[in-house]
Every structure is written in structure tokens, then in C-alpha cells.
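Structure file start-v4.csv (CSV, C-alpha atoms) is printed below.
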```
chain,number,residue,atom,x,y,z
A,1,MET,CA,-36.2,-18.4,-18.7
A,2,ALA,CA,-32.6,-17.2,-19.4
A,3,ALA,CA,-30.9,-18.3,-22.6
A,4,PRO,CA,-27.7,-20.5,-22.2
A,5,HIS,CA,-25.7,-17.6,-23.5
A,6,ASP,CA,-26.9,-15.3,-20.8
A,7,ARG,CA,-26.4,-18.0,-18.1
A,8,GLY,CA,-22.8,-18.4,-19.3
A,9,LEU,CA,-22.2,-14.7,-19.1
A,10,SER,CA,-23.7,-14.3,-15.7
A,11,GLY,CA,-21.6,-17.2,-14.5
A,12,PHE,CA,-18.6,-15.4,-16.0
A,13,TYR,CA,-19.4,-12.1,-14.3
A,14,LEU,CA,-19.9,-14.0,-11.0
A,15,ALA,CA,-16.4,-15.5,-11.4
A,16,ILE,CA,-14.9,-12.1,-12.2
A,17,GLY,CA,-16.6,-10.6,-9.2
A,18,THR,CA,-15.3,-13.4,-6.9
A,19,VAL,CA,-11.7,-13.0,-8.2
A,20,ALA,CA,-11.9,-9.2,-7.8
A,21,LEU,CA,-13.3,-9.4,-4.3
A,22,ALA,CA,-10.9,-12.1,-3.1
A,23,GLY,CA,-7.8,-10.2,-4.6
A,24,ALA,CA,-8.8,-6.8,-3.3
A,25,GLY,CA,-9.8,-8.3,0.1
A,26,LEU,CA,-6.5,-10.1,0.5
A,27,LEU,CA,-4.4,-7.2,-0.5
A,28,GLY,CA,-6.4,-4.8,1.6
A,29,TYR,CA,-5.9,-7.1,4.6
A,30,LEU,CA,-2.1,-7.3,4.0
A,31,VAL,CA,-1.8,-3.5,3.7
A,32,LEU,CA,-4.0,-2.7,6.7
A,33,ARG,CA,-2.8,-5.3,9.2
A,34,ARG,CA,-0.5,-4.3,12.0
A,35,PRO,CA,3.1,-3.8,10.8
A,36,PRO,CA,5.8,-6.0,12.5
A,37,ALA,CA,8.1,-4.5,15.1
A,38,SER,CA,11.3,-3.0,13.7
A,39,ILE,CA,14.4,-1.1,14.8
A,40,PRO,CA,14.9,2.0,12.8
A,41,ALA,CA,18.0,2.3,10.5
A,42,ASN,CA,17.6,6.0,9.8
A,43,VAL,CA,18.7,7.0,13.3
A,44,VAL,CA,21.1,9.8,14.1
A,45,VAL,CA,24.3,8.2,15.3
A,46,THR,CA,25.4,10.2,18.4
A,47,ALA,CA,28.8,10.3,20.0
A,48,ALA,CA,27.4,8.1,22.8
A,49,ASP,CA,26.8,5.4,20.2
A,50,THR,CA,30.4,5.2,19.3
A,51,ALA,CA,32.4,6.6,22.2
A,52,GLY,CA,33.6,3.7,24.4
A,53,PHE,CA,31.7,1.2,22.3
A,54,ARG,CA,33.6,-0.7,19.6
A,55,GLY,CA,31.7,-3.9,19.4
A,56,TYR,CA,31.0,-6.8,21.9
A,57,VAL,CA,34.3,-8.1,23.1
A,58,LEU,CA,35.2,-11.6,24.2
A,59,GLY,CA,38.7,-12.4,25.4
A,60,ALA,CA,41.6,-10.8,27.2
A,61,ASP,CA,43.0,-7.4,26.4
A,62,SER,CA,46.4,-8.8,26.4
A,63,ALA,CA,45.7,-11.3,23.6
A,64,PRO,CA,48.2,-11.0,20.8
A,65,LEU,CA,45.6,-11.2,18.0
A,66,GLU,CA,42.3,-9.4,17.6
A,67,VAL,CA,39.6,-10.5,15.2
A,68,THR,CA,36.7,-8.2,14.4
A,69,GLU,CA,33.7,-10.0,13.0
A,70,TYR,CA,31.1,-8.2,10.9
A,71,ALA,CA,28.0,-10.3,10.9
A,72,ASP,CA,24.2,-10.4,10.4
A,73,TYR,CA,22.1,-12.5,12.8
A,74,GLN,CA,19.8,-13.6,10.0
A,75,CYS,CA,22.6,-14.6,7.6
A,76,PRO,CA,22.8,-18.4,7.3
A,77,ALA,CA,26.6,-18.3,6.7
A,78,CYS,CA,27.0,-16.3,9.9
A,79,GLN,CA,24.9,-18.8,11.8
A,80,GLN,CA,27.0,-21.6,10.4
A,81,PHE,CA,30.2,-19.8,11.6
A,82,ALA,CA,28.7,-19.1,15.0
A,83,LEU,CA,27.6,-22.6,15.6
A,84,VAL,CA,30.3,-24.6,13.8
A,85,GLN,CA,33.6,-22.7,13.9
A,86,MET,CA,33.2,-20.3,16.8
A,87,PRO,CA,32.9,-22.9,19.6
A,88,SER,CA,36.3,-24.3,18.8
A,89,ILE,CA,37.9,-20.9,18.4
A,90,GLU,CA,36.3,-19.7,21.7
A,91,GLU,CA,37.4,-22.8,23.6
A,92,ARG,CA,40.9,-23.1,22.3
A,93,LEU,CA,42.0,-19.6,21.4
A,94,ILE,CA,39.8,-17.0,23.1
A,95,ARG,CA,39.6,-18.7,26.5
A,96,THR,CA,43.3,-19.4,26.5
A,97,GLY,CA,44.1,-15.7,26.1
A,98,ARG,CA,45.5,-15.9,22.6
A,99,VAL,CA,42.7,-14.2,20.6
A,100,ARG,CA,40.4,-11.3,21.4
A,101,TRP,CA,37.1,-11.4,19.6
A,102,ARG,CA,35.1,-8.3,18.7
A,103,TYR,CA,31.6,-8.7,17.2
A,104,ARG,CA,30.1,-5.9,15.2
A,105,ASP,CA,26.6,-5.8,13.8
A,106,PHE,CA,26.3,-5.5,10.0
A,107,PRO,CA,22.5,-6.1,9.4
A,108,LEU,CA,21.7,-6.5,5.7
A,109,ASP,CA,18.2,-5.0,6.0
A,110,GLN,CA,17.2,-5.4,2.4
A,111,ILE,CA,17.4,-9.2,2.4
A,112,HIS,CA,17.1,-9.9,6.2
A,113,ARG,CA,14.1,-8.2,7.7
A,114,HIS,CA,14.7,-9.3,11.3
A,115,ALA,CA,18.5,-8.8,11.3
A,116,ARG,CA,18.4,-5.4,13.0
A,117,LEU,CA,15.8,-6.5,15.5
A,118,ALA,CA,17.9,-9.5,16.4
A,119,ALA,CA,21.0,-7.3,16.8
A,120,HIS,CA,18.9,-5.0,19.1
A,121,ALA,CA,17.6,-7.9,21.1
A,122,ALA,CA,21.2,-9.0,21.7
A,123,ALA,CA,22.1,-5.4,22.6
A,124,CYS,CA,19.3,-5.3,25.2
A,125,ALA,CA,20.6,-8.6,26.7
A,126,ALA,CA,24.1,-6.9,26.9
A,127,ASP,CA,22.6,-4.3,29.2
A,128,GLN,CA,21.9,-7.1,31.6
A,129,GLY,CA,25.4,-8.7,31.1
A,130,ARG,CA,24.1,-11.6,29.0
A,131,TYR,CA,25.2,-10.6,25.5
A,132,TRP,CA,27.0,-13.7,24.4
A,133,GLU,CA,24.3,-16.1,25.8
A,134,MET,CA,21.7,-14.2,23.8
A,135,HIS,CA,24.0,-14.0,20.8
A,136,ARG,CA,24.3,-17.8,20.7
A,137,ARG,CA,20.6,-18.3,21.5
A,138,ILE,CA,19.5,-16.0,18.6
A,139,TYR,CA,21.8,-17.8,16.1
A,140,LEU,CA,20.6,-21.2,17.4
A,141,GLY,CA,17.0,-20.2,16.8
A,142,GLN,CA,17.6,-18.6,13.4
A,143,PRO,CA,15.6,-21.1,11.4
A,144,GLU,CA,12.6,-20.5,13.7
A,145,TRP,CA,12.5,-16.7,13.8
A,146,SER,CA,13.7,-16.1,10.3
A,147,ALA,CA,10.5,-17.5,8.9
A,148,GLU,CA,8.2,-15.5,11.2
A,149,ARG,CA,6.5,-12.3,10.2
A,150,ASP,CA,7.3,-10.6,13.5
A,151,ALA,CA,10.2,-12.1,15.5
A,152,THR,CA,9.7,-9.9,18.6
A,153,GLY,CA,7.9,-12.6,20.6
A,154,ARG,CA,10.5,-15.1,19.8
A,155,PHE,CA,13.3,-12.9,21.0
A,156,ARG,CA,11.4,-12.0,24.1
A,157,SER,CA,11.0,-15.7,24.8
A,158,TYR,CA,14.8,-16.2,24.5
A,159,ALA,CA,15.3,-13.3,26.9
A,160,ARG,CA,13.0,-15.0,29.4
A,161,GLU,CA,14.7,-18.4,28.9
A,162,LEU,CA,18.1,-16.7,29.7
A,163,GLY,CA,16.6,-15.2,32.9
A,164,LEU,CA,16.7,-11.6,31.8
A,165,ASP,CA,14.6,-9.0,33.6
A,166,PRO,CA,11.6,-9.0,31.2
A,167,ALA,CA,10.5,-5.4,32.1
A,168,ALA,CA,14.0,-4.0,31.5
A,169,TYR,CA,14.3,-6.0,28.3
A,170,ASP,CA,10.9,-4.8,27.0
A,171,ALA,CA,11.6,-1.2,27.8
A,172,CYS,CA,15.0,-1.4,26.0
A,173,MET,CA,13.3,-2.9,22.9
A,174,ARG,CA,10.4,-0.5,22.9
A,175,ALA,CA,12.7,2.5,23.1
A,176,ALA,CA,15.1,1.1,20.5
A,177,THR,CA,17.8,2.2,22.9
A,178,HIS,CA,20.7,0.8,20.9
A,179,ALA,CA,19.5,1.6,17.4
A,180,GLY,CA,22.3,4.2,17.0
A,181,ARG,CA,24.9,1.8,18.1
A,182,ILE,CA,23.9,-0.8,15.5
A,183,GLU,CA,23.8,1.8,12.8
A,184,ALA,CA,27.2,3.0,13.8
A,185,SER,CA,28.6,-0.5,13.5
A,186,LYS,CA,27.0,-0.9,10.1
A,187,ARG,CA,28.5,2.3,8.9
A,188,GLU,CA,31.9,1.4,10.2
A,189,GLY,CA,31.7,-1.8,8.2
A,190,GLU,CA,30.7,0.0,5.1
A,191,ARG,CA,33.6,2.4,5.5
A,192,LEU,CA,36.0,-0.5,5.7
A,193,GLY,CA,34.5,-2.1,2.6
A,194,VAL,CA,32.8,-5.1,4.2
A,195,PRO,CA,31.4,-6.9,1.1
A,196,SER,CA,29.3,-9.6,2.7
A,197,THR,CA,28.7,-11.4,6.0
A,198,PRO,CA,30.5,-12.8,7.8
A,199,THR,CA,33.6,-10.7,7.2
A,200,PHE,CA,36.5,-10.7,9.5
A,201,LEU,CA,39.0,-7.9,10.1
A,202,ILE,CA,42.4,-9.2,11.2
A,203,GLY,CA,45.5,-7.1,11.2
A,204,GLY,CA,44.0,-4.5,8.8
A,205,ARG,CA,42.9,-7.1,6.3
A,206,LEU,CA,39.4,-8.3,5.5
A,207,TYR,CA,38.5,-12.0,5.2
A,208,SER,CA,35.1,-12.8,3.8
A,209,GLY,CA,33.1,-16.0,4.1
A,210,THR,CA,32.8,-18.8,6.7
A,211,GLY,CA,35.8,-20.8,5.5
A,212,THR,CA,38.3,-17.9,5.6
A,213,VAL,CA,38.6,-17.9,9.4
A,214,THR,CA,38.8,-21.2,11.2
A,215,TYR,CA,40.7,-22.5,14.3
A,216,ASP,CA,43.5,-23.8,12.0
A,217,ILE,CA,43.9,-20.5,10.1
A,218,LEU,CA,43.9,-18.4,13.3
A,219,LYS,CA,46.4,-20.8,14.9
A,220,GLY,CA,48.6,-20.4,11.8
A,221,MET,CA,48.5,-16.6,12.2
A,222,LEU,CA,49.3,-16.9,15.9
A,223,ASP,CA,52.3,-19.2,15.1
A,224,SER,CA,53.5,-16.7,12.5
A,225,LEU,CA,53.2,-13.8,15.0
A,226,ALA,CA,55.2,-15.9,17.5
A,227,ARG,CA,57.9,-16.6,15.0
A,228,VAL,CA,58.2,-12.9,14.1
A,229,GLY,CA,58.3,-12.0,17.8
A,230,ALA,CA,61.0,-14.5,18.5
A,231,ARG,CA,63.3,-13.0,15.8
B,1,MET,CA,-16.5,-16.8,-26.2
B,2,LYS,CA,-15.1,-19.1,-23.6
B,3,TYR,CA,-11.6,-18.1,-24.7
B,4,TRP,CA,-12.3,-14.4,-24.0
B,5,MET,CA,-13.7,-15.3,-20.6
B,6,ALA,CA,-10.6,-17.4,-19.8
B,7,ALA,CA,-8.3,-14.5,-20.9
B,8,ALA,CA,-10.3,-12.0,-18.8
B,9,LEU,CA,-10.2,-14.2,-15.6
B,10,LEU,CA,-6.5,-15.1,-16.0
B,11,SER,CA,-5.6,-11.4,-16.6
B,12,LEU,CA,-7.5,-10.3,-13.5
B,13,THR,CA,-5.7,-12.9,-11.4
B,14,GLY,CA,-2.4,-11.8,-12.9
B,15,PHE,CA,-3.2,-8.2,-12.1
B,16,PHE,CA,-3.6,-9.0,-8.4
B,17,VAL,CA,-0.3,-11.1,-8.4
B,18,ALA,CA,1.6,-8.1,-10.0
B,19,LEU,CA,-0.1,-5.6,-7.6
B,20,TYR,CA,0.9,-7.7,-4.6
B,21,LEU,CA,4.6,-7.7,-5.7
B,22,TYR,CA,4.4,-3.9,-6.4
B,23,LEU,CA,2.8,-3.2,-3.0
B,24,TRP,CA,5.6,-5.2,-1.5
B,25,LYS,CA,8.2,-3.0,-3.3
B,26,LEU,CA,6.5,0.0,-1.9
B,27,GLY,CA,6.8,-1.5,1.6
B,28,LEU,CA,3.1,-1.7,2.1
B,29,VAL,CA,2.5,-5.4,2.7
B,30,GLY,CA,5.3,-6.4,5.1
B,31,THR,CA,7.1,-9.6,4.2
B,32,LEU,CA,6.8,-11.4,0.9
B,33,ALA,CA,5.0,-14.7,1.1
B,34,CYS,CA,7.6,-16.7,-0.8
B,35,GLY,CA,8.9,-19.6,1.2
B,36,THR,CA,12.4,-19.7,-0.3
B,37,GLY,CA,13.4,-16.1,0.1
B,38,ALA,CA,14.4,-16.1,-3.6
B,39,CYS,CA,11.5,-13.7,-4.4
B,40,GLU,CA,13.3,-11.0,-2.4
B,41,ALA,CA,16.5,-11.6,-4.2
B,42,VAL,CA,14.8,-11.3,-7.5
B,43,GLN,CA,12.6,-8.3,-6.5
B,44,LEU,CA,15.7,-6.5,-5.1
B,45,SER,CA,18.0,-7.2,-8.0
B,46,PRO,CA,19.0,-4.5,-10.5
B,47,TYR,CA,16.8,-6.3,-13.0
B,48,SER,CA,13.6,-5.5,-11.0
B,49,ARG,CA,13.3,-2.3,-12.9
B,50,PHE,CA,12.9,-2.1,-16.7
B,51,LEU,CA,13.7,1.3,-18.3
B,52,GLY,CA,13.5,2.8,-14.9
B,53,ILE,CA,10.0,1.4,-14.1
B,54,GLU,CA,9.3,-1.2,-11.5
B,55,VAL,CA,8.7,-4.5,-13.3
B,56,PRO,CA,5.7,-5.4,-11.0
B,57,LEU,CA,4.1,-2.1,-12.0
B,58,ILE,CA,4.6,-2.8,-15.7
B,59,GLY,CA,3.0,-6.2,-15.0
B,60,ALA,CA,0.0,-4.7,-13.2
B,61,VAL,CA,-0.7,-2.2,-16.0
B,62,GLY,CA,-0.2,-4.9,-18.6
B,63,TYR,CA,-2.6,-7.3,-17.0
B,64,LEU,CA,-5.2,-4.6,-16.5
B,65,THR,CA,-4.9,-3.8,-20.2
B,66,LEU,CA,-5.3,-7.4,-21.2
B,67,PHE,CA,-8.3,-7.7,-18.9
B,68,LEU,CA,-10.0,-4.6,-20.4
B,69,ALA,CA,-9.3,-5.8,-24.0
B,70,SER,CA,-10.8,-9.3,-23.1
B,71,LEU,CA,-13.9,-7.7,-21.6
B,72,ILE,CA,-14.5,-5.5,-24.7
B,73,GLY,CA,-13.7,-8.3,-27.1
B,74,LEU,CA,-16.3,-10.5,-25.2
B,75,ARG,CA,-18.9,-7.9,-25.7
B,76,ARG,CA,-18.1,-7.4,-29.4
B,77,PRO,CA,-17.5,-11.0,-30.6
B,78,GLU,CA,-18.0,-10.1,-34.3
B,79,ASP,CA,-15.3,-7.4,-34.4
B,80,ARG,CA,-12.0,-9.2,-35.4
B,81,ARG,CA,-9.9,-6.2,-34.4
B,82,TRP,CA,-10.3,-6.9,-30.7
B,83,ALA,CA,-9.1,-10.5,-31.2
B,84,ALA,CA,-6.0,-9.2,-33.1
B,85,LEU,CA,-5.4,-6.6,-30.4
B,86,LEU,CA,-5.6,-9.2,-27.6
B,87,LEU,CA,-3.3,-11.5,-29.5
B,88,GLY,CA,-0.8,-8.6,-30.0
B,89,LEU,CA,-0.9,-7.6,-26.4
B,90,SER,CA,-0.5,-11.2,-25.1
B,91,SER,CA,2.4,-11.8,-27.5
B,92,GLY,CA,4.2,-8.8,-26.1
B,93,ALA,CA,3.5,-10.0,-22.6
B,94,LEU,CA,4.8,-13.5,-23.5
B,95,LEU,CA,8.1,-12.0,-24.9
B,96,PHE,CA,8.6,-9.8,-21.9
B,97,THR,CA,7.9,-12.8,-19.6
B,98,LEU,CA,10.4,-15.0,-21.5
B,99,TYR,CA,13.0,-12.2,-21.1
B,100,LEU,CA,12.3,-12.0,-17.3
B,101,GLN,CA,12.5,-15.8,-16.9
B,102,TYR,CA,15.8,-15.8,-18.7
B,103,LEU,CA,17.1,-13.2,-16.3
B,104,GLU,CA,15.9,-15.2,-13.3
B,105,PHE,CA,17.4,-18.5,-14.3
B,106,PHE,CA,20.6,-17.4,-16.1
B,107,VAL,CA,21.6,-14.0,-14.8
B,108,ILE,CA,20.2,-13.5,-11.2
B,109,GLY,CA,20.3,-17.2,-10.4
B,110,ALA,CA,17.2,-17.1,-8.2
B,111,VAL,CA,13.7,-18.1,-9.0
B,112,CYS,CA,10.8,-16.2,-7.6
B,113,ARG,CA,7.6,-18.4,-7.2
B,114,TRP,CA,5.3,-15.4,-7.8
B,115,CYS,CA,7.1,-14.7,-11.1
B,116,LEU,CA,6.6,-18.3,-12.1
B,117,VAL,CA,2.9,-18.0,-11.3
B,118,SER,CA,2.8,-14.9,-13.5
B,119,ALA,CA,4.7,-16.6,-16.3
B,120,ALA,CA,2.2,-19.5,-16.3
B,121,LEU,CA,-0.7,-17.0,-16.4
B,122,VAL,CA,0.8,-15.1,-19.3
B,123,VAL,CA,1.3,-18.4,-21.3
B,124,LEU,CA,-2.3,-19.4,-20.7
B,125,ILE,CA,-3.6,-15.9,-21.7
B,126,PHE,CA,-1.5,-16.1,-24.9
B,127,VAL,CA,-3.0,-19.6,-25.7
B,128,ALA,CA,-6.6,-18.3,-24.9
B,129,SER,CA,-6.1,-15.2,-27.1
B,130,LEU,CA,-4.6,-17.3,-29.9
B,131,LEU,CA,-7.6,-19.6,-29.8
B,132,ALA,CA,-10.0,-16.6,-29.7
B,133,TRP,CA,-8.2,-15.1,-32.7
B,134,ARG,CA,-8.2,-18.4,-34.7
B,135,ARG,CA,-11.9,-18.8,-34.1
B,136,ARG,CA,-12.6,-15.4,-35.5
B,137,SER,CA,-10.3,-16.1,-38.5
B,138,VAL,CA,-12.1,-19.3,-39.5
B,139,PRO,CA,-14.8,-18.3,-42.1
B,140,ALA,CA,-18.2,-19.6,-41.4
B,141,ARG,CA,-19.1,-22.6,-43.6
B,142,VAL,CA,-21.8,-22.2,-46.1
B,143,PRO,CA,-24.1,-25.2,-46.2
```
So, in terms of C-alpha cells, how does the structure I just supplied come out?
Amino acid sequence: MAAPHDRGLSGFYLAIGTVALAGAGLLGYLVLRRPPASIPANVVVTAADTAGFRGYVLGADSAPLEVTEYADYQCPACQQFALVQMPSIEERLIRTGRVRWRYRDFPLDQIHRHARLAAHAAACAADQGRYWEMHRRIYLGQPEWSAERDATGRFRSYARELGLDPAAYDACMRAATHAGRIEASKREGERLGVPSTPTFLIGGRLYSGTGTVTYDILKGMLDSLARVGAR
Amino acid sequence: MKYWMAAALLSLTGFFVALYLYLWKLGLVGTLACGTGACEAVQLSPYSRFLGIEVPLIGAVGYLTLFLASLIGLRRPEDRRWAALLLGLSSGALLFTLYLQYLEFFVIGAVCRWCLVSAALVVLIFVASLLAWRRRSVPARVP
């Protein structure tokens, strides 16, 4: 019959073995499981990625004011801007021909793991002429896909929901067709000194943060431009 | 003896927590299971390295050392030096943890749940090693 001391030790070694097995097993599983889909950042940016492409544009060429937005699909402040400020700006300034909007991707990969994938999903929707619909859908669904380990399925479901050709969309995503374009946008933002997202470039000046560009502020800028033009 | 066992079990648990965070930094375990996202902010901050070494790696090595010291001390209960060594190691770990928690709360401004788990483990290991050391220090009563 084992002494109480031995029984205590064997129980201890059993506990040690259990913790070791559970820890090693869990970490092994995490390391070996299938990695989530991603769009590479270390792509060679070719002339085709920049020539003729300077962001996704909304609004008339003749608009007196152009705003370039540098944003990250997974950034909550960008989502807030897209869903709260942008509808009013779009309705009252862009559709009325007074502002031209240019959206450029600025994915913050280190903190937003799905940002580049989201930007690429929107780029693939652009191939089918549905960029802005996908853009809005991705921002609207941000709380859902942000928390997921792999957001590929969620973006595919948005593509289906918007009536995109699923085969063309899948082929575009698989080939990471627009990876270079996204990286080119990011590098352009870095060159300009974009400090955070969203950042807006208006008349050569950068404005960072959601509250820095609103309908009222843009309206004020347009009024100033009109006054200067009238002199 | 139960204090040595507690210190060993807690150290082994801490080792896996630190190893998980280190594997994440190496990009080997996908996304960090954190909930708030603050873990990423802490792990990617400039303070995630100490003297050029990744903090989770320091943690993993530290926990492994504590684990081995606890196991040896458990097998040599009459040798007071192991109790002193374990207390010294756990005191160092406690001071380092306090420094890291200060950085999280007052400098980085984000709290990583895994770091809180690790801090709690270090406090418990320190208490266990203190009790193990005190037990060795008390002279046996002569009837």
C-alpha cells in the first residue's frame, strides 16, 4: 500500500502531466491549424497598379473640391465616418456636384488583421462595378467580420448578397489581383505622412480623425472657395 | 511540500501562457485570443521588448526556470538553498511583473488579459515560494 506522501506525489505528477499535455496540445493545435486567408503586403507594385488608378472616385470631375480619404476597413473610426458622416456628405455635396471623393486604402496590418483582405474584397467588387455598394456593406458588417479568425467567408457572402458573379469574385480573391494596387495606396499615404485613419487630404492639407471632416466643414470650405472665386 | 507543488504547477501554466504570446509574436498562431484587442496593442508596443529581447520570451524562460527550481526543491525538501533560490527568482519575477503592469496601465494605456493572467500567476508563485521558504526557516520544535 502506498504511503500518503507517495500518493500526494503521484497526484502532483499527474497534475503536472495534465497541464503539460493540455498546454502543448493546445499550442500545437494553434500552430498547425490552417492559416487564415490573407492578401500579401510584400508585393511588387507595378506601373499597372498606379497608372490610371488613383483611388475609388465618387462624384463629378467638375466638382470644385476634391477630398481624398485614407482609410482602413477595420478601423472603428473609419466605420463611424463611413456610416455617420459620409451619407450626409454624399447626399448633399457629392451628388450635387460640389465635392469629388477619392477613397484610398491605408490598411494598418499590425493592428487590423483583416483590413487588407477587406480592401481586396472591395477591389474585386470594383471589377464588377459594385465598389461603393461593397464598401458600405463591409463597413456595415465590421463588428461581425472583425472578430472572426478568417473573414473570407463573410466577404464572399456580402459579394453574393450584392449579386456579384461569385466565380469572378472568387478568382479575383484567390489571385490577389489587386494586392499591388492596395500596397501602392498605402505607400502613397505613407509618403504624404498620413498619421492615422481616417485621414483626409484636402487642398494639400491633411486632416486626421472623424470630426475633422463633416458636412458643415466641407460646406464652409466650399463657401470660402466660392467667395475667393467671386473676388 | 504543497507549496513547492503549487509553485511548480503555477510556473508550468505560466510557461504556456508566455509561450503562447511569444508564438503569436513569431506569427505562428494566427490571431490572439484576447476579446478586446488590447493584447495586440500591448504586444505591438515599443515596450514589448526589454533590453532588445521579446518580453514573452523572457517570461517563458523565467517560468521554466521557476518550474525547474520548484521541482528540484520538491525533491530536496531539507536543502534550504532551493527555497531561498525559488524565493529570489519569484521576487525578481514579481518586480518585473509590477514594472510591466505599470507600463500597461500608465504608459501604454491598454490592458492585455493574458498579461493580467500572467501577473496573477507570478503573485501566486511568489506567495507559494515565500511560504515554502518560511516553512524551511522555522526550526523544528524540541519536545
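Once segment 54-57 of chain B and its same-chain neighbours fewer than 4 positions away are set aside, Val17, Ala18, Leu19, Tyr20, Leu21, Tyr22, Leu23, Lys25, Gln43, Tyr47, Ser48, Arg49, Phe50, Val61 and Gly62 of chain B remain within 9 Å of it when counting all atoms listed in the file.
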Using all atoms listed in the file, determine which residues of chain B fall within 12 Å of chain A; present them as a compact mmCIF listing (two decimals) with C-alpha atoms, in the frame of the given file.
```txt
# COMPACT_ATOMS: atom_id res chain seq x y z
CA MET B 1 -16.50 -16.80 -26.20
CA LYS B 2 -15.10 -19.10 -23.60
CA TYR B 3 -11.60 -18.10 -24.70
CA TRP B 4 -12.30 -14.40 -24.00
CA MET B 5 -13.70 -15.30 -20.60
CA ALA B 6 -10.60 -17.40 -19.80
CA ALA B 7 -8.30 -14.50 -20.90
CA ALA B 8 -10.30 -12.00 -18.80
CA LEU B 9 -10.20 -14.20 -15.60
CA LEU B 10 -6.50 -15.10 -16.00
CA SER B 11 -5.60 -11.40 -16.60
CA LEU B 12 -7.50 -10.30 -13.50
CA THR B 13 -5.70 -12.90 -11.40
CA GLY B 14 -2.40 -11.80 -12.90
CA PHE B 15 -3.20 -8.20 -12.10
CA PHE B 16 -3.60 -9.00 -8.40
CA VAL B 17 -0.30 -11.10 -8.40
CA ALA B 18 1.60 -8.10 -10.00
CA LEU B 19 -0.10 -5.60 -7.60
CA TYR B 20 0.90 -7.70 -4.60
CA LEU B 21 4.60 -7.70 -5.70
CA TYR B 22 4.40 -3.90 -6.40
CA LEU B 23 2.80 -3.20 -3.00
CA TRP B 24 5.60 -5.20 -1.50
CA LYS B 25 8.20 -3.00 -3.30
CA LEU B 26 6.50 0.00 -1.90
CA GLY B 27 6.80 -1.50 1.60
CA LEU B 28 3.10 -1.70 2.10
CA VAL B 29 2.50 -5.40 2.70
CA GLY B 30 5.30 -6.40 5.10
CA THR B 31 7.10 -9.60 4.20
CA LEU B 32 6.80 -11.40 0.90
CA ALA B 33 5.00 -14.70 1.10
CA CYS B 34 7.60 -16.70 -0.80
CA GLY B 35 8.90 -19.60 1.20
CA THR B 36 12.40 -19.70 -0.30
CA GLY B 37 13.40 -16.10 0.10
CA ALA B 38 14.40 -16.10 -3.60
CA CYS B 39 11.50 -13.70 -4.40
CA GLU B 40 13.30 -11.00 -2.40
CA ALA B 41 16.50 -11.60 -4.20
CA VAL B 42 14.80 -11.30 -7.50
CA GLN B 43 12.60 -8.30 -6.50
CA LEU B 44 15.70 -6.50 -5.10
CA SER B 45 18.00 -7.20 -8.00
CA LEU B 64 -5.20 -4.60 -16.50
CA PHE B 67 -8.30 -7.70 -18.90
CA SER B 70 -10.80 -9.30 -23.10
CA LEU B 71 -13.90 -7.70 -21.60
CA LEU B 74 -16.30 -10.50 -25.20
CA ARG B 75 -18.90 -7.90 -25.70
```
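Considering the residues A:Gly129, A:Pro64, A:Pro76, A:Gly55 and counting only C-alpha atoms, Glu188 of chain A has its shortest atom-to-atom contact with A:Gly55.
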Find the residues near segment 87-90 of chain B: any atom within 12 Å, counting only C-alpha atoms, skip ones fewer than 2 places away on the same chain, and give them as a ChimeraX atom specification. /B:3-4,7-8,10-11,59,61-70,73,80-85,92-97,119,121-134,136
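Distances to Pro198 of chain A were evaluated for A:Val99, A:Met221, A:Val213, A:Cys124 using only C-alpha atoms, and the minimum falls at A:Val213.
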Between atom CA of Ala71 of chain A and atom CA of Glu104 of chain B, measure the distance and give it in Å to one decimal. 27.5 Å
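Taking atom CA of Gly109 of chain B and atom CA of Ala151 of chain A as endpoints, the distance between them is 28.3 Å.
The space separating atom CA of Val107 of chain B from atom CA of Arg191 of chain A comes to 28.7 Å.
Among the candidate residues A:Leu83, A:Leu222, A:Ala184, A:Cys172, the one lying nearest to Ala159 of chain A is A:Cys172, with distances computed using all atoms listed in the file.
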Any idea what's packed within 8 Å of Ala125 of chain A, counting all atoms listed in the file, ignoring anything in its chain fewer than 3 positions away? Could you give it as number ranges by chain? A: 121-122, 128-131, 134, 159, 164, 169
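Ranking B:Leu116, B:Leu86, B:Leu51, B:Ile72 by their shortest atom-to-atom distance to Gln101 of chain B, with all atoms listed in the file included, puts B:Leu116 first.
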Which protein, DNA or RNA residues are at most 12 Å from (31.6, -14.3, 23.9) in the file's coordinates when you count only C-alpha atoms, listed as a ChimeraX atom specification? /A:55-60,69,82,86-87,89-91,93-95,99-103,122,126,129-137
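With all atoms listed in the file as the atoms that count, the residue of A:Leu206, A:Thr96, A:Asp127, A:Gly189 with the shortest distance to Ala168 of chain A is A:Asp127.
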Using all atoms listed in the file, which residues sit within 12 Å of Gly203 of chain A once same-chain residues fewer than 4 positions away are excluded, as a PyMOL selection string? chain A and resi 64-68+207+218+221-222+225
Expected file: the selected residues, C-alpha atoms, as a PDB file, in the coordinates of the input:
```pdb
ATOM      1  CA  PRO A  64      48.200 -11.000  20.800  1.00  0.00           C
ATOM      2  CA  LEU A  65      45.600 -11.200  18.000  1.00  0.00           C
ATOM      3  CA  GLU A  66      42.300  -9.400  17.600  1.00  0.00           C
ATOM      4  CA  VAL A  67      39.600 -10.500  15.200  1.00  0.00           C
ATOM      5  CA  THR A  68      36.700  -8.200  14.400  1.00  0.00           C
ATOM      6  CA  TYR A 207      38.500 -12.000   5.200  1.00  0.00           C
ATOM      7  CA  LEU A 218      43.900 -18.400  13.300  1.00  0.00           C
ATOM      8  CA  MET A 221      48.500 -16.600  12.200  1.00  0.00           C
ATOM      9  CA  LEU A 222      49.300 -16.900  15.900  1.00  0.00           C
ATOM     10  CA  LEU A 225      53.200 -13.800  15.000  1.00  0.00           C
TER      11      LEU A 225
END
```
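A distance cut-off of 10 Å around (11.8, -0.9, 20.5), counting all atoms listed in the file, selects these protein and nucleic acid residues: A:Ala37, A:Ser38, A:Ile39, A:Pro40, A:Leu117, A:His120, A:Ala121, A:Cys124, A:Thr152, A:Tyr169, A:Asp170, A:Ala171, A:Cys172, A:Met173, A:Arg174, A:Ala175, A:Ala176, A:Thr177, A:His178, A:Ala179.
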Which neighbours of Leu108 of chain A fall inside 10 Å, counting all atoms listed in the file, when residues of the same chain fewer than 5 positions from it are skipped, and could you give them as a PyMOL selection string? chain A and resi 71-75+113-116+186+196-197
